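With mmCIF, C-alpha atoms and all ligand atoms inside, this is query.cif:
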```cif
data_start
#
loop_
_atom_site.label_atom_id
_atom_site.label_comp_id
_atom_site.auth_asym_id
_atom_site.auth_seq_id
_atom_site.Cartn_x
_atom_site.Cartn_y
_atom_site.Cartn_z
CA MET B 24 6.78 -21.72 6.15
CA VAL B 25 5.53 -18.26 7.10
CA SER B 26 7.24 -15.55 5.04
CA ILE B 27 8.43 -12.31 6.58
CA LEU B 28 8.64 -8.93 4.86
CA LYS B 29 11.30 -6.86 6.53
CA ALA B 30 12.54 -3.29 6.27
CA ASP B 31 15.83 -2.76 8.06
CA ASN B 32 17.01 0.80 8.73
CA LEU B 33 15.59 1.77 5.34
CA GLN B 34 16.66 5.15 3.98
CA VAL B 35 15.07 6.56 0.85
CA SER B 36 15.60 9.76 -1.12
CA VAL B 37 13.46 11.37 -3.80
CA ASP B 38 15.24 13.68 -6.24
CA GLY B 39 18.22 13.71 -3.88
CA LYS B 40 16.10 14.74 -0.88
CA PRO B 41 16.17 12.29 2.05
CA ILE B 42 12.59 11.34 2.98
CA LEU B 43 12.87 8.07 4.91
CA LYS B 44 15.57 8.29 7.54
CA GLY B 45 15.87 4.75 8.88
CA VAL B 46 12.63 2.74 8.92
CA SER B 47 12.50 -0.77 10.36
CA PHE B 48 9.60 -3.22 10.72
CA GLU B 49 8.68 -6.83 10.13
CA ILE B 50 5.39 -8.13 8.77
CA ALA B 51 4.64 -11.85 8.79
CA GLN B 52 2.15 -13.48 6.41
CA GLY B 53 -1.22 -13.52 8.13
CA GLN B 54 -0.64 -10.29 10.06
CA VAL B 55 -2.39 -6.95 9.58
CA HIS B 56 -0.29 -3.84 10.24
CA ALA B 57 -1.53 -0.25 10.09
CA LEU B 58 0.76 2.62 9.12
CA MET B 59 -0.41 6.04 10.21
CA GLY B 60 1.14 9.49 10.43
CA PRO B 61 0.44 13.07 9.41
CA ASN B 62 0.42 14.22 5.77
CA GLY B 63 3.90 14.29 4.31
CA SER B 64 5.44 12.03 6.96
CA GLY B 65 6.62 9.50 4.35
CA LYS B 66 3.96 6.76 4.29
CA SER B 67 3.48 6.67 0.51
CA THR B 68 7.24 7.01 0.06
CA LEU B 69 7.65 3.82 2.09
CA ALA B 70 5.00 2.05 -0.01
CA TYR B 71 6.65 3.07 -3.30
CA ALA B 72 10.12 2.19 -2.05
CA LEU B 73 8.93 -1.27 -0.97
CA VAL B 74 7.61 -2.08 -4.44
CA GLY B 75 10.57 -0.54 -6.27
CA HIS B 76 9.32 2.67 -7.89
CA PRO B 77 12.39 3.98 -9.78
CA LYS B 78 12.02 7.54 -8.42
CA TYR B 79 12.48 6.35 -4.84
CA GLU B 80 16.19 5.71 -4.35
CA ILE B 81 17.29 3.44 -1.53
CA THR B 82 20.33 5.13 -0.02
CA GLY B 83 20.76 2.84 2.98
CA GLY B 84 19.35 -0.19 4.75
CA SER B 85 17.39 -3.00 3.12
CA ILE B 86 14.06 -4.49 2.14
CA SER B 87 13.84 -8.26 2.24
CA ILE B 88 11.49 -11.20 2.14
CA ASP B 89 12.77 -14.19 4.09
CA ASP B 90 16.27 -12.71 4.11
CA VAL B 91 16.36 -12.36 0.31
CA VAL B 92 17.25 -8.69 -0.22
CA LEU B 93 14.98 -6.95 -2.75
CA ASN B 94 16.81 -3.60 -3.01
CA GLU B 95 18.15 -4.20 -6.52
CA LEU B 96 15.07 -5.95 -7.95
CA ASP B 97 12.71 -4.17 -10.34
CA PRO B 98 8.98 -3.90 -9.56
CA CYS B 99 8.07 -6.98 -11.66
CA GLU B 100 10.59 -9.15 -9.84
CA ARG B 101 9.33 -7.87 -6.49
CA ALA B 102 5.76 -8.69 -7.55
CA ARG B 103 6.90 -12.22 -8.36
CA LYS B 104 8.37 -12.47 -4.88
CA GLY B 105 4.87 -11.75 -3.60
CA LEU B 106 4.58 -7.97 -3.10
CA PHE B 107 1.52 -6.03 -4.19
CA LEU B 108 0.81 -2.31 -3.90
CA ALA B 109 -2.61 -0.74 -4.28
CA PHE B 110 -1.89 2.87 -5.22
CA GLN B 111 -3.23 5.91 -3.37
CA TYR B 112 -4.00 7.32 -6.83
CA PRO B 113 -4.53 4.46 -9.34
CA VAL B 114 -3.80 5.10 -13.01
CA THR B 115 -6.32 4.94 -15.84
CA ILE B 116 -5.43 2.87 -18.91
CA PRO B 117 -7.94 3.60 -21.67
CA GLY B 118 -8.11 0.77 -24.22
CA VAL B 119 -7.07 -1.94 -21.77
CA LYS B 120 -9.95 -3.95 -20.42
CA VAL B 121 -10.04 -5.04 -16.78
CA ALA B 122 -10.12 -8.74 -17.76
CA ASP B 123 -7.14 -8.41 -20.15
CA PHE B 124 -5.11 -6.46 -17.62
CA LEU B 125 -5.78 -9.06 -14.93
CA ARG B 126 -5.05 -11.98 -17.28
CA HIS B 127 -1.63 -10.51 -18.10
CA ALA B 128 -0.89 -9.60 -14.49
CA VAL B 129 -1.83 -13.05 -13.18
CA SER B 130 0.10 -14.80 -16.00
CA ASN B 131 3.21 -12.72 -15.23
CA ILE B 132 3.11 -13.76 -11.60
CA ARG B 133 2.36 -17.45 -12.20
CA ASN B 134 4.63 -17.94 -15.23
CA PRO B 135 7.55 -15.69 -14.38
CA ASP B 136 9.62 -16.83 -17.37
CA ARG B 137 6.95 -16.21 -19.97
CA LYS B 138 7.78 -14.04 -22.99
CA GLU B 139 5.38 -11.34 -24.20
CA GLY B 140 2.66 -12.94 -26.31
CA GLU B 141 3.32 -16.41 -24.88
CA GLY B 142 2.41 -18.34 -21.77
CA LEU B 143 -0.85 -16.52 -20.98
CA ILE B 144 -3.25 -18.43 -18.77
CA PRO B 145 -5.75 -20.15 -21.11
CA MET B 146 -8.79 -17.92 -21.63
CA ARG B 147 -11.40 -20.44 -20.44
CA GLU B 148 -9.52 -21.24 -17.26
CA PHE B 149 -8.90 -17.56 -16.57
CA ARG B 150 -12.53 -16.53 -17.21
CA LYS B 151 -13.76 -19.23 -14.84
CA GLU B 152 -11.44 -18.11 -12.11
CA LEU B 153 -12.24 -14.43 -12.65
CA ARG B 154 -15.97 -15.12 -12.61
CA SER B 155 -15.78 -17.03 -9.34
CA ARG B 156 -13.64 -14.35 -7.62
CA MET B 157 -16.09 -11.66 -8.82
CA ASP B 158 -19.01 -13.73 -7.53
CA GLU B 159 -17.38 -14.06 -4.13
CA LEU B 160 -16.87 -10.29 -3.98
CA GLY B 161 -20.42 -9.58 -5.20
CA MET B 162 -19.21 -7.84 -8.39
CA ASP B 163 -21.18 -7.38 -11.61
CA PRO B 164 -19.54 -9.47 -14.43
CA ASP B 165 -19.86 -6.49 -16.80
CA PHE B 166 -17.17 -4.79 -14.78
CA ALA B 167 -14.51 -7.06 -16.36
CA ARG B 168 -15.32 -5.65 -19.81
CA ARG B 169 -14.71 -2.03 -18.88
CA TYR B 170 -11.48 -0.16 -19.57
CA LEU B 171 -9.11 -0.07 -16.62
CA ASN B 172 -10.13 2.69 -14.23
CA GLU B 173 -11.59 4.78 -17.09
CA GLY B 174 -14.53 6.70 -15.70
CA PHE B 175 -14.47 4.53 -12.57
CA SER B 176 -16.01 6.06 -9.50
CA GLY B 177 -13.96 6.09 -6.31
CA GLY B 178 -15.87 3.01 -5.15
CA GLU B 179 -15.27 1.16 -8.44
CA LYS B 180 -11.55 1.86 -8.25
CA LYS B 181 -11.61 0.29 -4.80
CA ARG B 182 -13.46 -2.77 -6.15
CA MET B 183 -10.78 -3.06 -8.83
CA GLU B 184 -8.09 -2.97 -6.15
CA ILE B 185 -9.77 -5.75 -4.18
CA LEU B 186 -10.31 -7.83 -7.34
CA GLN B 187 -6.61 -7.54 -8.17
CA LEU B 188 -5.75 -8.74 -4.69
CA ALA B 189 -8.16 -11.67 -5.01
CA MET B 190 -6.67 -12.72 -8.36
CA LEU B 191 -2.98 -12.13 -7.62
CA LYS B 192 -3.03 -13.51 -4.06
CA PRO B 193 0.18 -11.77 -3.02
CA LYS B 194 2.07 -12.78 0.12
CA PHE B 195 2.16 -9.13 1.14
CA ALA B 196 -0.36 -6.46 0.20
CA ILE B 197 0.35 -2.78 0.78
CA LEU B 198 -2.76 -0.64 0.59
CA ASP B 199 -2.21 3.09 0.36
CA GLU B 200 -5.70 4.46 0.88
CA THR B 201 -6.80 7.96 -0.07
CA ASP B 202 -8.10 9.81 2.95
CA SER B 203 -10.51 11.93 0.99
CA GLY B 204 -13.04 11.56 -1.75
CA LEU B 205 -14.30 8.13 -0.73
CA ASP B 206 -17.85 7.82 0.47
CA SER B 207 -18.73 5.35 3.18
CA ASP B 208 -19.84 2.75 0.59
CA ALA B 209 -16.39 2.80 -1.01
CA VAL B 210 -14.72 2.42 2.36
CA ARG B 211 -17.06 -0.49 3.08
CA VAL B 212 -16.09 -2.15 -0.23
CA VAL B 213 -12.42 -2.16 0.73
CA SER B 214 -13.10 -3.04 4.35
CA GLU B 215 -15.30 -6.04 3.60
CA GLY B 216 -13.30 -7.15 0.57
CA LEU B 217 -10.08 -7.06 2.52
CA GLN B 218 -11.67 -8.89 5.42
CA LYS B 219 -12.69 -11.70 3.03
CA LEU B 220 -9.20 -11.94 1.56
CA CYS B 221 -7.16 -11.65 4.72
CA GLY B 222 -6.00 -14.97 6.06
CA PRO B 223 -2.91 -16.89 7.00
CA GLU B 224 -1.52 -16.55 3.46
CA MET B 225 -1.48 -12.76 3.29
CA GLY B 226 0.32 -10.09 5.29
CA VAL B 227 -1.21 -6.62 4.96
CA LEU B 228 0.14 -3.13 5.51
CA ILE B 229 -2.76 -0.67 5.53
CA ILE B 230 -1.92 3.00 5.18
CA THR B 231 -5.06 4.86 6.12
CA HIS B 232 -6.78 7.60 8.02
CA HIS B 233 -10.12 5.74 7.82
CA GLU B 234 -11.11 4.34 11.17
CA ARG B 235 -13.68 2.06 9.56
CA LEU B 236 -11.08 0.19 7.52
CA LEU B 237 -9.24 -0.74 10.68
CA GLU B 238 -12.45 -1.67 12.51
CA TYR B 239 -13.11 -4.42 9.96
CA ASN B 240 -9.45 -5.38 9.73
CA VAL B 241 -8.10 -4.98 13.22
CA PRO B 242 -4.34 -4.48 13.04
CA GLN B 243 -2.10 -6.45 15.39
CA HIS B 244 0.44 -3.67 15.03
CA THR B 245 0.03 0.06 14.42
CA HIS B 246 3.07 2.09 13.37
CA VAL B 247 3.21 5.87 13.50
CA MET B 248 5.46 7.74 11.14
CA LEU B 249 6.75 11.24 11.74
CA ALA B 250 9.32 13.06 9.60
CA GLY B 251 10.42 9.87 7.84
CA ARG B 252 10.80 7.66 10.90
CA ILE B 253 8.55 5.18 12.68
CA VAL B 254 8.40 6.83 16.07
CA GLU B 255 5.87 4.55 17.79
CA THR B 256 4.53 1.03 17.39
CA GLY B 257 1.55 -0.24 19.34
CA ASP B 258 -1.58 -2.34 18.92
CA ALA B 259 -5.04 -1.44 17.59
CA SER B 260 -5.64 0.90 20.52
CA LEU B 261 -2.91 3.23 19.24
CA ALA B 262 -4.84 3.59 15.96
CA SER B 263 -8.01 4.45 17.90
CA GLU B 264 -6.14 7.00 19.98
CA LEU B 265 -4.83 8.70 16.84
CA HIS B 266 -8.28 8.72 15.28
CA SER B 267 -9.81 10.38 18.28
CA SER B 268 -7.08 12.81 19.32
CA GLY B 269 -4.85 13.34 16.25
CA TYR B 270 -1.07 13.62 16.19
CA ALA B 271 -0.54 16.34 18.81
CA GLY B 272 0.34 13.72 21.45
CA VAL B 273 2.77 11.94 19.10
CA ARG B 274 4.53 15.24 18.32
CA GLU B 275 4.74 16.04 22.02
CA ARG B 276 6.27 12.64 22.80
CA HIS B 277 8.80 12.99 19.95
CA PRO B 278 9.95 16.62 19.94
CA ALA B 279 13.09 15.99 17.85
CA GLU B 280 11.09 14.47 14.97
CA ALA B 281 8.37 17.11 15.34
CA ALA B 282 11.03 19.81 14.93
CA GLU B 283 12.45 17.97 11.92
CA GLU B 284 8.96 17.82 10.42
CA LEU B 285 8.74 21.62 10.53
CA VAL B 286 12.15 21.96 8.86
CA ASP B 287 11.20 19.42 6.12
CA LYS B 288 8.01 21.31 5.44
CA SER B 289 9.64 24.69 5.21
CA VAL B 290 12.24 23.21 2.82
CA ALA B 291 9.42 21.72 0.74
CA GLY B 292 7.78 25.13 0.77
CA SER B 293 4.48 23.67 1.86
CA ILE B 294 2.04 25.17 4.33
CA VAL B 295 2.87 24.24 7.89
CA GLU B 296 -0.01 22.43 9.59
CA PRO B 297 -1.07 23.66 12.99
CA ALA B 298 0.63 21.57 15.69
CA THR B 299 -2.74 20.38 16.97
CA VAL B 300 -3.77 18.61 13.73
N1 LIG D 401 7.95 12.14 -6.24
C1 LIG D 401 8.25 13.08 -5.32
N2 LIG D 401 8.86 14.21 -5.67
C2 LIG D 401 9.17 15.16 -4.74
N3 LIG D 401 8.91 15.04 -3.42
C3 LIG D 401 8.31 13.95 -3.02
C4 LIG D 401 7.93 12.89 -3.94
N4 LIG D 401 7.34 11.89 -3.24
C5 LIG D 401 7.35 12.31 -1.95
N5 LIG D 401 7.91 13.51 -1.82
C6 LIG D 401 8.04 14.29 -0.57
O1 LIG D 401 8.26 13.37 0.49
C7 LIG D 401 7.56 13.73 1.66
C8 LIG D 401 6.70 12.57 2.11
O2 LIG D 401 5.64 12.39 1.18
P1 LIG D 401 4.66 11.14 1.22
O3 LIG D 401 3.81 11.24 0.00
O4 LIG D 401 5.44 9.89 1.40
O5 LIG D 401 3.81 11.45 2.52
P2 LIG D 401 2.53 10.68 3.11
O6 LIG D 401 2.86 10.33 4.51
O7 LIG D 401 2.13 9.59 2.19
O8 LIG D 401 1.42 11.84 3.11
P3 LIG D 401 -0.19 11.75 2.88
O9 LIG D 401 -0.79 11.40 4.22
O10 LIG D 401 -0.53 13.16 2.50
O11 LIG D 401 -0.49 10.78 1.81
C9 LIG D 401 6.78 14.99 1.29
O12 LIG D 401 7.49 16.10 1.77
C10 LIG D 401 6.73 14.97 -0.22
O13 LIG D 401 6.67 16.27 -0.75
MG MG D 402 0.46 9.27 1.00
#
```
As structure tokens - that is how I would like this structure written.
Amino acid sequence: MVSILKADNLQVSVDGKPILKGVSFEIAQGQVHALMGPNGSGKSTLAYALVGHPKYEITGGSISIDDVVLNELDPCERARKGLFLAFQYPVTIPGVKVADFLRHAVSNIRNPDRKEGEGLIPMREFRKELRSRMDELGMDPDFARRYLNEGFSGGEKKRMEILQLAMLKPKFAILDETDSGLDSDAVRVVSEGLQKLCGPEMGVLIITHHERLLEYNVPQHTHVMLAGRIVETGDASLASELHSSGYAGVRERHPAEAAEELVDKSVAGSIVEPATV
């Protein structure tokens, strides 16, 4: 059976401030969706809310997989249901090696009832699996012995993200990509890695401003967010249009949300972008 990840009229507040104001979409396993939108439109908020970050309070609507509502589940339980989020800004955990982190993460997903210190995947079995996934992705085995994200370059953090995906094999992967600081090699690492991993078993939501990522992983659906709402949904050509001409056209087509965006920004006290960006 093909699983469906669904957001239905989802409303989310952060510190009491409404950010998402009714977001709906459906992603089936095997599909690639792109989520675009100007800075501050709510894309990362949606990603965090989907995976259950405690700061992002669901005030209305629902998130579900196959009609099982996830709203009240903590992030671990959501991960067990098959959700995975690659962070826009991944954390560093000095003292925890990549291999140990992955062994725990994979064990938690595969043996949901395990208690801490018990039920870890046997070391030999895990090493074999890790080695073969790293081989497939063209990664140096030494990487597994490094501390998680400590001193990692932007490109290495991206490799880590792809390795996690390869090991955890989630039903739904949400990738919140930084739009700055990545050189073209790092973008290629994610693009090619993701292309290798995408298949009928995985649904992907890619949040990105990188055209290249979407060239390798052509989305069937592109969603555009403005002021906490998805204002347009189209195919891959919508993503290309946004890459070449920016969000001016979207703002023009959706004046009410564009006006709301200005209000949100002045409330947040941030610098208002020029309308042509
Ligand atoms: N933890 C938080 N605390 C306070 N405000 C927040 C928090 N998270 C998000 N916001 C606010 O919510 C709005 C949407 O932010 P969000 O990070 O979701 O935007 P985005 O679309 O991901 O932007 P970008 O393209 O820059 O990554 C912004 O006004 C932001 O200031
Ligand atoms: Mg963001």
Cut-off 9 Å: closest chain B/ligand MG 402 (chain D) atom pairs per residue, using only C-alpha atoms and all ligand atoms, as JSON lines:
```
{"residue": "B:Asn62", "atom": "CA", "partner": "D:MG402", "partner_atom": "MG", "distance": 6.9}
{"residue": "B:Gly63", "atom": "CA", "partner": "D:MG402", "partner_atom": "MG", "distance": 6.9}
{"residue": "B:Ser64", "atom": "CA", "partner": "D:MG402", "partner_atom": "MG", "distance": 8.2}
{"residue": "B:Gly65", "atom": "CA", "partner": "D:MG402", "partner_atom": "MG", "distance": 7.0}
{"residue": "B:Lys66", "atom": "CA", "partner": "D:MG402", "partner_atom": "MG", "distance": 5.4}
{"residue": "B:Ser67", "atom": "CA", "partner": "D:MG402", "partner_atom": "MG", "distance": 4.0}
{"residue": "B:Thr68", "atom": "CA", "partner": "D:MG402", "partner_atom": "MG", "distance": 7.2}
{"residue": "B:Ala70", "atom": "CA", "partner": "D:MG402", "partner_atom": "MG", "distance": 8.6}
{"residue": "B:Gln111", "atom": "CA", "partner": "D:MG402", "partner_atom": "MG", "distance": 6.6}
{"residue": "B:Asp199", "atom": "CA", "partner": "D:MG402", "partner_atom": "MG", "distance": 6.8}
{"residue": "B:Glu200", "atom": "CA", "partner": "D:MG402", "partner_atom": "MG", "distance": 7.8}
{"residue": "B:Thr201", "atom": "CA", "partner": "D:MG402", "partner_atom": "MG", "distance": 7.5}
{"residue": "B:Asp202", "atom": "CA", "partner": "D:MG402", "partner_atom": "MG", "distance": 8.8}
{"residue": "B:Ile230", "atom": "CA", "partner": "D:MG402", "partner_atom": "MG", "distance": 7.9}
{"residue": "B:Thr231", "atom": "CA", "partner": "D:MG402", "partner_atom": "MG", "distance": 8.7}
```
Determine the nearest neighbour of Arg154 in chain B from the options B:Ala102, B:Val91, B:Val25, B:Ala167, counting only C-alpha atoms. B:Ala167
Of B:Glu280, B:Glu148, B:Asp31, B:Asp38, the one nearest to ligand LIG 401 (chain D) when counting only C-alpha atoms and all ligand atoms is B:Asp38
At a cut-off of 10 Å, using only C-alpha atoms, what residues contact Thr115 in chain B? Leave out same-chain residues fewer than 4 positions from it and give the result as a list in words. Val119, Tyr170, Leu171, Asn172, Glu173, Gly174, Phe175 and Lys180 of chain B
CA of Ala281 in chain B to CA of Glu255 in chain B: how many Å, to one decimal? 13.0 Å
Between CA of Ala109 in chain B and CA of Tyr71 in chain B, what is the distance, to one decimal in Å? 10.1 Å
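Remark: for Glu49 in chain B, the closest of the candidate residues B:Ser207, B:Ser85, B:Ser36, B:Ser176 is B:Ser85 (distances computed over all atoms listed in the file).
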Which residues, written as an MDAnalysis selection string, have at least one atom at most 12 Å from Asp206 in chain B, with all atoms listed in the file counted and residues fewer than 3 positions away on the same chain left out? chainID B and resid 176:179 181 201:203 209:213 233 235
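Note that the spacing between CA of Arg252 in chain B and atom C10 of ligand LIG 401 (chain D) amounts to 13.9 Å.
Residue nearest ligand LIG 401 (chain D) within the list B:Pro61, B:Gly269, B:Gly84, B:Gly75: B:Pro61 [criterion: smallest interatomic distance, all atoms listed in the file].
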Given only C-alpha atoms and all ligand atoms as the counted atoms, nearest of B:Ala250, B:Cys99, B:Leu265, B:Val55 to ligand LIG 401 (chain D): B:Ala250
Which residue out of B:Glu139, B:Glu95, B:Glu100, B:Glu224 has the minimum interatomic distance to Ser26 in chain B when only C-alpha atoms are used? B:Glu224
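For the point (-7.7, -4.9, 1.2), the residues with at least one atom inside 8 Å, counting only C-alpha atoms, are Glu184, Ile185, Leu188, Ala196, Leu198, Val213, Ser214, Gly216, Leu217, Gln218, Leu220, Cys221, Val227 and Ile229 of chain B.
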Within 10 Å of range 77-79 of chain B, counting only C-alpha atoms, which residues show up once you throw out same-chain ones fewer than 2 positions away? Write them as a compact mmCIF listing (two decimals) with C-alpha atoms, in the frame of the given file, please.
```
# COMPACT_ATOMS: atom_id res chain seq x y z
CA GLN B 34 16.66 5.15 3.98
CA VAL B 35 15.07 6.56 0.85
CA SER B 36 15.60 9.76 -1.12
CA VAL B 37 13.46 11.37 -3.80
CA ASP B 38 15.24 13.68 -6.24
CA GLY B 39 18.22 13.71 -3.88
CA LYS B 40 16.10 14.74 -0.88
CA PRO B 41 16.17 12.29 2.05
CA ILE B 42 12.59 11.34 2.98
CA LEU B 43 12.87 8.07 4.91
CA THR B 68 7.24 7.01 0.06
CA LEU B 69 7.65 3.82 2.09
CA ALA B 70 5.00 2.05 -0.01
CA TYR B 71 6.65 3.07 -3.30
CA ALA B 72 10.12 2.19 -2.05
CA LEU B 73 8.93 -1.27 -0.97
CA VAL B 74 7.61 -2.08 -4.44
CA GLY B 75 10.57 -0.54 -6.27
CA ILE B 81 17.29 3.44 -1.53
CA THR B 82 20.33 5.13 -0.02
CA ASP B 97 12.71 -4.17 -10.34
CA PRO B 98 8.98 -3.90 -9.56
```
Taking all atoms of range 89-103 of chain B that the file lists and extending 5 Å past them on each side, where is the centre of the axis-aligned box and how long are its edges? Answer in Å to one decimal, as JSON.
```
{"center_x": 12.0, "center_y": -8.9, "center_z": -3.8, "size_x": 22.4, "size_y": 20.6, "size_z": 25.8}
```
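Counting all atoms listed in the file, Ala279 in chain B has the following residues at most 12 Å away, ignoring those fewer than 4 positions along the same chain: B:Leu249, B:Ala250, B:Arg252, B:Val254, B:Val273, B:Arg274, B:Glu275, B:Glu283, B:Glu284, B:Leu285, B:Val286.
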